[in-house]
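J.: Sharing entry_21.cif below, mmCIF, C-alpha atoms and all ligand atoms:
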```cif
data_data
loop_
_atom_site.label_atom_id
_atom_site.label_comp_id
_atom_site.auth_asym_id
_atom_site.auth_seq_id
_atom_site.Cartn_x
_atom_site.Cartn_y
_atom_site.Cartn_z
CA MET P 1 13.06 -10.30 9.18
CA ALA P 2 12.00 -6.69 9.46
CA LYS P 3 12.13 -5.01 12.86
CA ILE P 4 8.78 -3.42 13.64
CA VAL P 5 7.64 -1.24 16.54
CA VAL P 6 4.06 -0.37 17.46
CA VAL P 7 4.07 2.87 19.46
CA TYR P 8 0.73 3.86 20.92
CA HIS P 9 -1.12 5.76 23.60
CA SER P 10 -4.15 4.45 25.44
CA GLY P 11 -5.87 6.38 28.21
CA TYR P 12 -8.29 3.67 29.33
CA GLY P 13 -7.00 0.42 27.82
CA HIS P 14 -9.10 -0.03 24.67
CA THR P 15 -6.43 1.20 22.25
CA LYS P 16 -3.91 -0.95 24.12
CA VAL P 17 -5.91 -4.07 23.16
CA VAL P 18 -5.86 -2.94 19.54
CA ALA P 19 -2.11 -2.28 19.71
CA GLU P 20 -1.55 -5.79 21.05
CA HIS P 21 -3.45 -7.30 18.12
CA VAL P 22 -1.59 -5.20 15.53
CA ALA P 23 1.72 -6.15 17.19
CA ARG P 24 0.77 -9.83 17.18
CA GLY P 25 0.11 -9.69 13.44
CA ALA P 26 3.29 -7.75 12.76
CA GLY P 27 5.57 -9.62 15.16
CA ALA P 28 6.32 -6.19 16.59
CA GLU P 29 7.70 -4.73 19.80
CA LEU P 30 5.14 -2.69 21.72
CA VAL P 31 5.98 0.75 23.07
CA ALA P 32 3.39 2.45 25.27
CA ILE P 33 3.38 6.23 25.54
CA SER P 34 3.00 7.12 29.23
CA PRO P 35 0.18 9.20 30.73
CA GLU P 36 2.69 12.07 30.62
CA GLY P 37 3.23 11.60 26.88
CA GLU P 38 6.73 10.14 27.28
CA ILE P 39 8.64 7.06 26.18
CA ALA P 40 11.97 5.79 27.56
CA GLU P 41 15.34 6.44 25.92
CA ALA P 42 15.71 2.73 25.01
CA GLU P 43 12.32 2.94 23.29
CA TRP P 44 13.51 5.89 21.18
CA THR P 45 16.46 3.73 20.18
CA ALA P 46 14.09 0.90 19.20
CA LEU P 47 12.12 3.34 17.01
CA ASN P 48 15.29 4.69 15.42
CA GLU P 49 16.43 1.15 14.60
CA ALA P 50 13.06 -0.08 13.31
CA ASP P 51 12.35 -0.86 9.66
CA ALA P 52 8.67 -0.11 10.24
CA ILE P 53 6.79 1.98 12.80
CA ILE P 54 3.06 1.69 13.43
CA PHE P 55 1.42 4.61 15.27
CA GLY P 56 -1.68 4.12 17.43
CA ALA P 57 -3.84 6.60 19.33
CA PRO P 58 -7.38 6.91 20.60
CA THR P 59 -9.48 9.62 19.00
CA TYR P 60 -10.18 12.23 21.66
CA MET P 61 -12.17 15.32 20.71
CA GLY P 62 -11.77 14.55 17.04
CA ASN P 63 -8.02 13.96 16.92
CA VAL P 64 -5.19 12.01 18.56
CA SER P 65 -4.83 12.27 22.34
CA TRP P 66 -2.54 15.04 23.62
CA GLN P 67 -0.13 12.40 24.89
CA PHE P 68 0.30 11.05 21.36
CA LYS P 69 0.70 14.60 20.02
CA LYS P 70 3.40 15.29 22.61
CA PHE P 71 5.20 12.16 21.41
CA ALA P 72 4.68 13.26 17.77
CA ASP P 73 6.26 16.64 18.50
CA ALA P 74 9.19 14.92 20.21
CA THR P 75 9.86 12.94 17.00
CA SER P 76 11.05 16.24 15.52
CA LYS P 77 14.47 15.29 16.88
CA ALA P 78 14.52 12.35 14.42
CA TRP P 79 13.01 14.62 11.73
CA PHE P 80 15.93 17.08 11.91
CA THR P 81 18.39 14.36 10.89
CA ARG P 82 15.96 12.53 8.53
CA GLN P 83 16.54 9.50 10.72
CA TRP P 84 13.14 7.96 9.96
CA ALA P 85 13.10 8.70 6.21
CA ASP P 86 12.17 5.74 4.00
CA LYS P 87 10.92 3.65 6.92
CA VAL P 88 7.57 1.91 6.47
CA PHE P 89 4.72 3.37 8.54
CA GLY P 90 1.17 2.42 9.44
CA GLY P 91 -1.42 3.71 11.86
CA PHE P 92 -4.60 3.00 13.74
CA THR P 93 -7.12 4.80 15.87
CA ASN P 94 -9.96 3.73 18.13
CA SER P 95 -12.98 5.63 19.37
CA ALA P 96 -16.50 5.23 20.68
CA SER P 97 -18.66 6.35 17.74
CA PRO P 98 -18.78 4.52 14.41
CA ASN P 99 -17.43 7.70 12.81
CA GLY P 100 -16.47 9.90 15.77
CA ASP P 101 -13.99 11.82 13.54
CA LYS P 102 -11.60 8.87 13.57
CA GLN P 103 -10.49 9.75 10.03
CA VAL P 104 -9.08 13.06 11.30
CA ALA P 105 -6.90 11.22 13.81
CA LEU P 106 -5.80 8.72 11.18
CA ILE P 107 -4.79 11.49 8.78
CA THR P 108 -2.78 13.03 11.63
CA LEU P 109 -0.86 9.76 11.91
CA GLN P 110 -0.39 9.54 8.14
CA THR P 111 0.81 13.15 8.04
CA LEU P 112 3.32 12.47 10.81
CA ALA P 113 4.71 9.55 8.80
CA SER P 114 4.86 11.74 5.70
CA GLN P 115 6.67 14.53 7.57
CA HIS P 116 9.36 11.96 8.29
CA GLY P 117 9.57 10.93 4.61
CA GLY P 118 8.05 7.55 5.36
CA ILE P 119 6.23 5.01 3.19
CA TRP P 120 2.64 4.71 4.39
CA VAL P 121 0.79 1.38 4.29
CA SER P 122 -2.96 1.48 3.62
CA LEU P 123 -5.34 -0.95 5.32
CA GLY P 124 -5.65 -3.26 2.32
CA THR P 125 -8.75 -5.10 3.57
CA PRO P 126 -11.97 -4.43 1.64
CA PRO P 127 -14.95 -3.10 3.62
CA SER P 128 -17.79 -5.28 4.91
CA ASN P 129 -20.64 -2.99 3.98
CA THR P 130 -23.66 -5.08 3.09
CA LYS P 131 -26.96 -5.28 5.02
CA ALA P 132 -25.76 -8.55 6.52
CA SER P 133 -22.45 -7.17 7.82
CA THR P 134 -21.87 -6.83 11.57
CA SER P 135 -19.14 -5.68 13.95
CA ALA P 136 -17.77 -9.23 13.82
CA ASP P 137 -16.80 -8.76 10.17
CA LEU P 138 -13.45 -7.62 8.83
CA ASN P 139 -13.19 -3.86 8.25
CA ASN P 140 -16.83 -3.29 9.13
CA LEU P 141 -16.06 0.42 9.65
CA GLY P 142 -14.94 0.70 6.04
CA GLY P 143 -11.49 2.23 6.53
CA SER P 144 -8.87 2.42 3.79
CA VAL P 145 -6.10 4.81 4.89
CA GLY P 146 -5.34 2.75 7.99
CA LEU P 147 -7.03 0.76 10.71
CA LEU P 148 -10.21 2.07 12.34
CA VAL P 149 -11.57 0.49 15.51
CA ARG P 150 -14.73 1.13 17.48
CA SER P 151 -15.04 0.66 21.24
CA PRO P 152 -18.58 1.69 22.24
CA ALA P 153 -18.61 4.13 25.15
CA ASP P 154 -19.93 1.49 27.57
CA ALA P 155 -17.68 -1.35 26.32
CA SER P 156 -15.04 -2.84 28.60
CA VAL P 157 -11.57 -3.50 27.21
CA ASP P 158 -12.68 -7.12 26.67
CA GLU P 159 -15.49 -5.97 24.39
CA VAL P 160 -13.58 -4.31 21.56
CA HIS P 161 -15.29 -5.61 18.43
CA LYS P 162 -14.01 -8.94 17.11
CA GLY P 163 -14.12 -7.82 13.49
CA ASP P 164 -11.93 -4.83 14.31
CA LEU P 165 -9.42 -6.94 16.24
CA ASP P 166 -9.24 -9.51 13.43
CA THR P 167 -8.64 -6.61 11.03
CA ALA P 168 -5.93 -5.33 13.39
CA VAL P 169 -4.03 -8.64 13.15
CA LEU P 170 -4.31 -8.59 9.35
CA TYR P 171 -3.07 -5.00 9.20
CA GLY P 172 -0.06 -5.88 11.33
CA GLU P 173 0.70 -8.78 8.99
CA ARG P 174 0.38 -6.48 5.98
CA VAL P 175 2.79 -3.86 7.36
CA ALA P 176 5.28 -6.61 8.28
CA GLY P 177 5.01 -8.22 4.85
CA ILE P 178 5.62 -4.94 3.05
CA ALA P 179 8.50 -4.00 5.37
CA ALA P 180 10.11 -7.40 4.74
CA LYS P 181 9.76 -7.01 0.96
CA LEU P 182 11.32 -3.55 1.00
CA LYS P 183 14.14 -4.73 3.24
CA GLY P 184 14.91 -7.38 0.59
C1 LIG P 201 -11.34 13.10 26.33
C2 LIG P 201 -12.08 12.15 25.46
C3 LIG P 201 -12.49 12.55 24.20
C4 LIG P 201 -13.14 11.66 23.35
N1 LIG P 201 -13.49 12.06 22.10
C5 LIG P 201 -14.05 11.19 21.23
C6 LIG P 201 -14.33 11.57 19.88
O1 LIG P 201 -14.03 12.67 19.43
N2 LIG P 201 -14.95 10.65 19.10
C7 LIG P 201 -15.32 9.41 19.55
O2 LIG P 201 -15.91 8.64 18.80
N3 LIG P 201 -15.02 9.01 20.81
C8 LIG P 201 -14.38 9.87 21.65
N4 LIG P 201 -14.04 9.47 22.91
C9 LIG P 201 -14.22 8.06 23.29
C10 LIG P 201 -12.89 7.30 23.17
O3 LIG P 201 -12.32 7.45 21.88
C11 LIG P 201 -13.09 5.80 23.43
O4 LIG P 201 -13.61 5.65 24.73
C12 LIG P 201 -11.81 5.01 23.27
O5 LIG P 201 -12.11 3.63 23.34
C13 LIG P 201 -10.78 5.37 24.32
O6 LIG P 201 -9.62 4.63 24.09
P1 LIG P 201 -8.63 4.27 25.28
O7 LIG P 201 -9.39 3.34 26.22
O8 LIG P 201 -7.48 3.59 24.65
O9 LIG P 201 -8.27 5.56 25.95
C14 LIG P 201 -13.40 10.34 23.78
C15 LIG P 201 -12.99 9.95 25.06
C16 LIG P 201 -12.34 10.82 25.88
C17 LIG P 201 -11.87 10.35 27.24
#
```
Give the structure from the file, written as structure tokens.
T.:
Amino acid sequence: MAKIVVVYHSGYGHTKVVAEHVARGAGAELVAISPEGEIAEAEWTALNEADAIIFGAPTYMGNVSWQFKKFADATSKAWFTRQWADKVFGGFTNSASPNGDKQVALITLQTLASQHGGIWVSLGTPPSNTKASTSADLNNLGGSVGLLVRSPADASVDEVHKGDLDTAVLYGERVAGIAAKLKG
């Protein structure tokens, strides 16, 4: 079985709920980036040993939170030795607006994976984009590069959209399935 780690930042808990759903689908260990943008030494070891890493961050001001970016910069230590090359990567972001510039944050995550020489996994779930579609439907935000999630500005952490959370579980399963295939 592939070893998978979901490493994420969440300022107010909404992205944490998403991370938990992705991790459930992937059978992954969860690593939370602290409010200071740090993770523990043992968590760096878990990332170094992982077959697949899934990045998660809220979209703040049109990109990943500064805590996630601090973590991303700290991964340069692994970059110098190509320690994460050929690992499988995925990513997700969550924000208040249907668009909200989530795609910019997602591309930041994809670029980070690419800097490391990783193999990026797309979302793989077709969009629900008919007149009848609602936030309870799979991939109702129409992402393709990775997982997009919407938490309206007045939503509690228990109100993250069902369709997005169901999509999160499927995305975790997809990353795990691909990582397992590549591991052989
Ligand atoms: C500093 C800050 C900047 C934000 N910028 C955006 C943004 O650019 N686009 C958007 O749609 N939502 C934005 N939001 C809303 C958050 O993305 C949204 O509340 C999200 O659910 C927060 O996730 P968290 O609870 O894991 O921190 C912003 C929130 C904060 C606190």
J.: Could you give me, as a Markdown table, a per-residue list for chain P showing, wherever an atom lies at most 10 Å from an atom of ligand LIG 201 (chain P), the closest pair of atoms and their distance in Å to one decimal, using only C-alpha atoms and all ligand atoms and sorting by chain then residue number from low to high?
T.:
```
| residue | atom | partner | partner_atom | distance |
| --- | --- | --- | --- | --- |
| P:Tyr8 | CA | P:LIG201 | O8 | 9.0 |
| P:His9 | CA | P:LIG201 | O8 | 6.8 |
| P:Ser10 | CA | P:LIG201 | O8 | 3.5 |
| P:Gly11 | CA | P:LIG201 | O9 | 3.4 |
| P:Tyr12 | CA | P:LIG201 | O7 | 3.3 |
| P:Gly13 | CA | P:LIG201 | O7 | 4.1 |
| P:His14 | CA | P:LIG201 | O7 | 3.7 |
| P:Thr15 | CA | P:LIG201 | O8 | 3.5 |
| P:Lys16 | CA | P:LIG201 | O8 | 5.8 |
| P:Val17 | CA | P:LIG201 | O8 | 8.0 |
| P:Val18 | CA | P:LIG201 | O8 | 8.4 |
| P:Ala19 | CA | P:LIG201 | O8 | 9.4 |
| P:Gly56 | CA | P:LIG201 | O8 | 9.3 |
| P:Ala57 | CA | P:LIG201 | O8 | 7.1 |
| P:Pro58 | CA | P:LIG201 | O6 | 4.7 |
| P:Thr59 | CA | P:LIG201 | O3 | 4.6 |
| P:Tyr60 | CA | P:LIG201 | N1 | 3.3 |
| P:Met61 | CA | P:LIG201 | O1 | 3.5 |
| P:Gly62 | CA | P:LIG201 | O1 | 3.8 |
| P:Asn63 | CA | P:LIG201 | O1 | 6.6 |
| P:Val64 | CA | P:LIG201 | O1 | 8.9 |
| P:Ser65 | CA | P:LIG201 | C1 | 7.7 |
| P:Trp66 | CA | P:LIG201 | C1 | 9.4 |
| P:Thr93 | CA | P:LIG201 | O3 | 8.4 |
| P:Asn94 | CA | P:LIG201 | C12 | 5.6 |
| P:Ser95 | CA | P:LIG201 | O3 | 3.2 |
| P:Ala96 | CA | P:LIG201 | O2 | 3.9 |
| P:Ser97 | CA | P:LIG201 | O2 | 3.7 |
| P:Pro98 | CA | P:LIG201 | O2 | 6.7 |
| P:Asn99 | CA | P:LIG201 | O2 | 6.3 |
| P:Gly100 | CA | P:LIG201 | O2 | 3.3 |
| P:Asp101 | CA | P:LIG201 | N2 | 5.8 |
| P:Lys102 | CA | P:LIG201 | N2 | 6.7 |
| P:Val104 | CA | P:LIG201 | O1 | 9.5 |
| P:Ala105 | CA | P:LIG201 | O1 | 9.2 |
| P:Val149 | CA | P:LIG201 | O5 | 8.5 |
| P:Arg150 | CA | P:LIG201 | O5 | 6.9 |
| P:Ser151 | CA | P:LIG201 | O5 | 4.7 |
| P:Pro152 | CA | P:LIG201 | O4 | 6.8 |
| P:Ala153 | CA | P:LIG201 | O4 | 5.2 |
| P:Asp154 | CA | P:LIG201 | O4 | 8.1 |
| P:Ala155 | CA | P:LIG201 | O5 | 8.0 |
| P:Ser156 | CA | P:LIG201 | O7 | 8.7 |
| P:Val157 | CA | P:LIG201 | O7 | 7.2 |
| P:Val160 | CA | P:LIG201 | O5 | 8.3 |
```
J.: Hey, can you check how far atom CA of Val145 of chain P sits from atom CA of Glu29 of chain P?
T.: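 So the answer is 22.4 Å.
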J.: Just the number, please: distance in Å from atom CA of Ile39 of chain P to atom CA of Ala74 of chain P, one decimal.
T.: 9.9 Å
J.: Do you know which residues lie at most 9 Å from (11.7, 13.9, 9.8), with coordinates as in the file and all atoms listed in the file counted, and could you write them as a PyMOL selection string?
T.: chain P and resi 75-85+112-118
J.: So the first atom is atom CA of Val31 of chain P and the second is atom CA of Ala168 of chain P; what is the distance between them in Å, to one decimal place?
T.: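 Going from atom CA of Val31 of chain P over to atom CA of Ala168 of chain P covers 16.5 Å.
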J.: Of the residues P:Val7, P:Ile119, P:Ile178, P:Met1, which is the one nearest to Glu20 of chain P, using all atoms listed in the file?
T.: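 Looking only at the distances to Glu20 of chain P, the closest residue turns out to be P:Val7.
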J.: Counting all atoms listed in the file, which residue out of P:Gly163, P:Gly177, P:Gly91, P:Gly146 sits closest to Gly124 of chain P?
T.: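 That would be P:Gly146, the residue with the smallest distance to Gly124 of chain P.
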J.: Have a look at P:Ala72, P:Ala26, P:Leu165, P:Asn139 and name the one nearest to Trp44 of chain P; count all atoms listed in the file.
T.: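 Among the listed residues, P:Ala72 lies closest to Trp44 of chain P.
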J.: Residues within 10 Å of Ala46 of chain P, please, as a ChimeraX atom specification. Count all atoms listed in the file; anything in the same chain fewer than 6 positions from it doesn't count.
T.: /P:3-5,29-31,40,53
J.: Could you name the residues that touch Tyr171 of chain P at 9 Å or less, counting all atoms listed in the file, but leaving out those on the same chain fewer than 5 positions away, as a ChimeraX atom specification?
T.: /P:22,25-26,90,121-125,146-147,166,176
J.: Go through P:Ala28, P:Leu170, P:Leu148, P:Ala179 and flag the residue nearest Asp86 of chain P, using all atoms listed in the file for the distances.
T.: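 Of all the options, P:Ala179 lies closest to Asp86 of chain P.
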J.: Could you pull the residues within 7 Å of segment 128-138 of chain P, counting only C-alpha atoms, minus those fewer than 2 positions along the same chain, as a list in words?
T.: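 The filter keeps Pro126, Asn140, Gly142, His161, Lys162, Gly163, Asp164, Asp166 and Thr167 of chain P.
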J.: P:Gln103, P:Ala42, P:Gly143, P:Val88: which is nearest Pro127 of chain P, counting all atoms listed in the file?
T.: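 For Pro127 of chain P, the nearest of the candidates is P:Gly143.
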